[in-house]
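**Q** Take a look at this one; I'll ask things after.
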Amino acid sequence: MIDIPSSISSQIPGAVLRRLDSLDQLTQEAFLTEFQKEKKSGFVAFLLWCVFPAWHYFYVSKVWVNLLFWLTFGGFGIWWVIDMFRLSGLVREYNKTVAISVLKEIEFLN
């Protein structure tokens with residue numbers, strides 16, 4: 001079995017990690033490769049938040065929230081400030097969703 005770096009394992013739900021333990025090494029490597037390609041970075045999300053307001057929602061595939069953000073002018077600026085604190089959670093939630101999706105795809109292909 002492969003050793004998953006803690007920086008990556010902290011982004012993967014426990015159920016996915018337990019399921020990965022029961023898979024062969026080649027499948028685990030395929031999962032990690034695909035997960036690393038699809039996961040999002042908190043740093044990039046923060047840069048988008050700073051430079052291009054609301055683009056961080058596109059980055060984590062929340063198109064409708066982005067539209068709502070623009071229609072309300074970022075909640076008149078309040079929403080934009082609150083997002084500074086929510087940003088890491090948005091990225092973490094997106095990465096968990098990606099981990100589950102990648103595991104399902106890999107298991108389906110096997």
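Residues are referred to by chain and number: the chain letter is A, B, ... according to the order shown in the structure tokens, the number counts from 1 in that chain, and ligands are numbered separately from 1 in the order shown.
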Need to verify the contact set: segment 22-33 of chain A, 12 Å, only C-alpha atoms, exclusion of same-chain residues closer than 3 positions in sequence. Can you return it as a ChimeraX atom specification?

**A** /A:1-5,8-9,11-12,15-19,36-39,98-110

**Q** Residues of the last selection are to be written out with N, CA and C atoms, as a compact mmCIF listing (two decimals), in the first residue's frame.

**A**
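Okay, selection-v4.txt is ready:
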```txt
# COMPACT_ATOMS: atom_id res chain seq x y z
N MET A 1 0.84 -1.18 0.00
CA MET A 1 0.00 0.00 0.00
C MET A 1 0.89 1.25 0.00
N ILE A 2 0.41 2.29 -0.65
CA ILE A 2 1.20 3.52 -0.75
C ILE A 2 0.94 4.41 0.45
N ASP A 3 1.91 5.25 0.73
CA ASP A 3 1.80 6.18 1.84
C ASP A 3 1.27 7.51 1.30
N ILE A 4 0.10 7.90 1.75
CA ILE A 4 -0.51 9.15 1.30
C ILE A 4 0.02 10.28 2.17
N PRO A 5 0.61 11.32 1.55
CA PRO A 5 1.12 12.45 2.34
C PRO A 5 0.02 13.08 3.17
N ILE A 8 -2.26 15.71 1.71
CA ILE A 8 -3.33 15.24 0.83
C ILE A 8 -4.38 14.49 1.64
N SER A 9 -3.96 13.66 2.57
CA SER A 9 -4.92 12.86 3.33
C SER A 9 -5.87 13.73 4.16
N GLN A 11 -7.29 16.29 3.12
CA GLN A 11 -8.30 16.81 2.21
C GLN A 11 -9.28 15.73 1.76
N ILE A 12 -9.03 14.50 2.18
CA ILE A 12 -9.83 13.36 1.74
C ILE A 12 -10.69 12.87 2.91
N ALA A 15 -14.00 8.12 5.07
CA ALA A 15 -14.59 6.97 4.39
C ALA A 15 -13.83 6.64 3.11
N VAL A 16 -13.38 7.66 2.40
CA VAL A 16 -12.62 7.43 1.18
C VAL A 16 -11.25 6.84 1.52
N LEU A 17 -10.62 7.35 2.58
CA LEU A 17 -9.32 6.81 3.00
C LEU A 17 -9.44 5.34 3.40
N ARG A 18 -10.50 5.01 4.12
CA ARG A 18 -10.68 3.61 4.52
C ARG A 18 -10.90 2.73 3.31
N ARG A 19 -11.66 3.20 2.35
CA ARG A 19 -11.89 2.42 1.12
C ARG A 19 -10.61 2.27 0.32
N GLN A 36 -5.01 14.65 -7.39
CA GLN A 36 -4.09 15.78 -7.43
C GLN A 36 -4.32 16.66 -8.66
N LYS A 37 -4.77 16.05 -9.76
CA LYS A 37 -5.08 16.84 -10.95
C LYS A 37 -6.34 17.69 -10.76
N GLU A 38 -7.31 17.15 -10.05
CA GLU A 38 -8.61 17.81 -9.95
C GLU A 38 -8.81 18.68 -8.71
N LYS A 39 -8.00 18.48 -7.67
CA LYS A 39 -8.21 19.24 -6.44
C LYS A 39 -7.86 20.70 -6.65
N VAL A 98 -14.51 16.09 -4.73
CA VAL A 98 -13.65 15.56 -5.80
C VAL A 98 -13.13 14.18 -5.41
N ALA A 99 -12.70 14.02 -4.16
CA ALA A 99 -12.16 12.73 -3.71
C ALA A 99 -13.22 11.64 -3.84
N ILE A 100 -14.44 11.92 -3.44
CA ILE A 100 -15.51 10.94 -3.55
C ILE A 100 -15.80 10.61 -5.01
N SER A 101 -15.85 11.63 -5.83
CA SER A 101 -16.11 11.45 -7.26
C SER A 101 -15.02 10.63 -7.94
N VAL A 102 -13.78 10.93 -7.64
CA VAL A 102 -12.65 10.19 -8.25
C VAL A 102 -12.68 8.74 -7.81
N LEU A 103 -12.96 8.49 -6.53
CA LEU A 103 -13.03 7.10 -6.05
C LEU A 103 -14.14 6.34 -6.77
N LYS A 104 -15.30 6.96 -6.93
CA LYS A 104 -16.40 6.30 -7.63
C LYS A 104 -16.03 5.99 -9.07
N GLU A 105 -15.38 6.92 -9.74
CA GLU A 105 -14.98 6.70 -11.13
C GLU A 105 -13.98 5.54 -11.25
N ILE A 106 -13.01 5.53 -10.35
CA ILE A 106 -11.97 4.49 -10.39
C ILE A 106 -12.57 3.13 -10.09
N GLU A 107 -13.46 3.08 -9.09
CA GLU A 107 -14.10 1.79 -8.77
C GLU A 107 -15.00 1.34 -9.90
N PHE A 108 -15.65 2.27 -10.58
CA PHE A 108 -16.52 1.92 -11.69
C PHE A 108 -15.69 1.33 -12.86
N LEU A 109 -14.51 1.87 -13.06
CA LEU A 109 -13.66 1.41 -14.16
C LEU A 109 -13.00 0.06 -13.86
N ASN A 110 -12.89 -0.28 -12.58
CA ASN A 110 -12.25 -1.56 -12.23
C ASN A 110 -13.20 -2.71 -12.31
```

**Q** Within 8 Å of Phe69 of chain A, counting only C-alpha atoms, which residues qualify if same-chain residues fewer than 5 places away don't, as a list in words?

**A**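 Contacts, in chain order: Ala54, Gly74, Gly75 and Trp79 of chain A.
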
**Q** Can you tell me, as an MDAnalysis selection string, what residues are no more than 9 Å from Tyr94 of chain A when counting only C-alpha atoms, ignoring any on the same chain fewer than 3 positions away?

**A** chainID A and resid 39:40 60:61 89:91 97:99

**Q** Grab the residues selected above and save them as a PDB file, in the first residue's frame with N, CA and C atoms.

**A**
```
ATOM      1  N   LYS A  39      -8.004  18.478  -7.675  1.00  0.00           N
ATOM      2  CA  LYS A  39      -8.206  19.238  -6.436  1.00  0.00           C
ATOM      3  C   LYS A  39      -7.861  20.704  -6.653  1.00  0.00           C
ATOM      4  N   LYS A  40      -8.407  21.537  -5.813  1.00  0.00           N
ATOM      5  CA  LYS A  40      -8.181  22.974  -5.899  1.00  0.00           C
ATOM      6  C   LYS A  40      -7.296  23.439  -4.751  1.00  0.00           C
ATOM      7  N   VAL A  60     -14.402  26.929  -7.513  1.00  0.00           N
ATOM      8  CA  VAL A  60     -14.894  25.753  -6.784  1.00  0.00           C
ATOM      9  C   VAL A  60     -16.251  25.293  -7.318  1.00  0.00           C
ATOM     10  N   SER A  61     -16.523  25.615  -8.568  1.00  0.00           N
ATOM     11  CA  SER A  61     -17.711  25.154  -9.305  1.00  0.00           C
ATOM     12  C   SER A  61     -19.042  25.563  -8.665  1.00  0.00           C
ATOM     13  N   GLY A  89     -12.877  26.738   3.819  1.00  0.00           N
ATOM     14  CA  GLY A  89     -13.922  25.724   3.929  1.00  0.00           C
ATOM     15  C   GLY A  89     -14.541  25.384   2.583  1.00  0.00           C
ATOM     16  N   LEU A  90     -14.711  26.389   1.723  1.00  0.00           N
ATOM     17  CA  LEU A  90     -15.239  26.137   0.379  1.00  0.00           C
ATOM     18  C   LEU A  90     -14.312  25.227  -0.413  1.00  0.00           C
ATOM     19  N   VAL A  91     -13.014  25.506  -0.331  1.00  0.00           N
ATOM     20  CA  VAL A  91     -12.031  24.688  -1.054  1.00  0.00           C
ATOM     21  C   VAL A  91     -11.975  23.291  -0.456  1.00  0.00           C
ATOM     22  N   THR A  97     -15.517  16.562  -2.186  1.00  0.00           N
ATOM     23  CA  THR A  97     -16.419  16.119  -3.244  1.00  0.00           C
ATOM     24  C   THR A  97     -15.635  15.494  -4.396  1.00  0.00           C
ATOM     25  N   VAL A  98     -14.510  16.095  -4.732  1.00  0.00           N
ATOM     26  CA  VAL A  98     -13.654  15.563  -5.798  1.00  0.00           C
ATOM     27  C   VAL A  98     -13.133  14.183  -5.407  1.00  0.00           C
ATOM     28  N   ALA A  99     -12.700  14.022  -4.159  1.00  0.00           N
ATOM     29  CA  ALA A  99     -12.163  12.731  -3.707  1.00  0.00           C
ATOM     30  C   ALA A  99     -13.216  11.635  -3.842  1.00  0.00           C
TER      31      ALA A  99
END
```

**Q** Of the residues A:Ser88, A:Glu93, A:Phe76, A:Val65, which is the one nearest to Gly42 of chain A, using only C-alpha atoms?

**A**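 Closest to Gly42 of chain A, using only C-alpha atoms: A:Ser88.
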
**Q** Record the distance separating atom CA of Arg86 of chain A and atom CA of Thr72 of chain A, expressed in Å with one decimal.

**A**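 These atoms are spaced 18.0 Å apart.
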
**Q** For Leu48 of chain A, find every residue with an atom within 12 Å (counting only C-alpha atoms), except residues of its own chain fewer than 4 positions away, and show them as a ChimeraX atom specification.

**A** /A:41-44,52-60,80,83-84,87

**Q** Name the residues of segment 18-93 of chain A that fall into alpha helix (DSSP H) according to DSSP on the backbone, using the chain letters and numbers of this document, as a ChimeraX atom specification.

**A** /A:18-21,25-38,42-51,55-59,63-71,73-76,78-93

**Q** Calculated over only C-alpha atoms, which of the candidates A:Trp49, A:Lys62, A:Ser6, A:Pro13 has the smallest distance to Lys96 of chain A?

**A**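 Distance minimum relative to Lys96 of chain A lands on A:Pro13.
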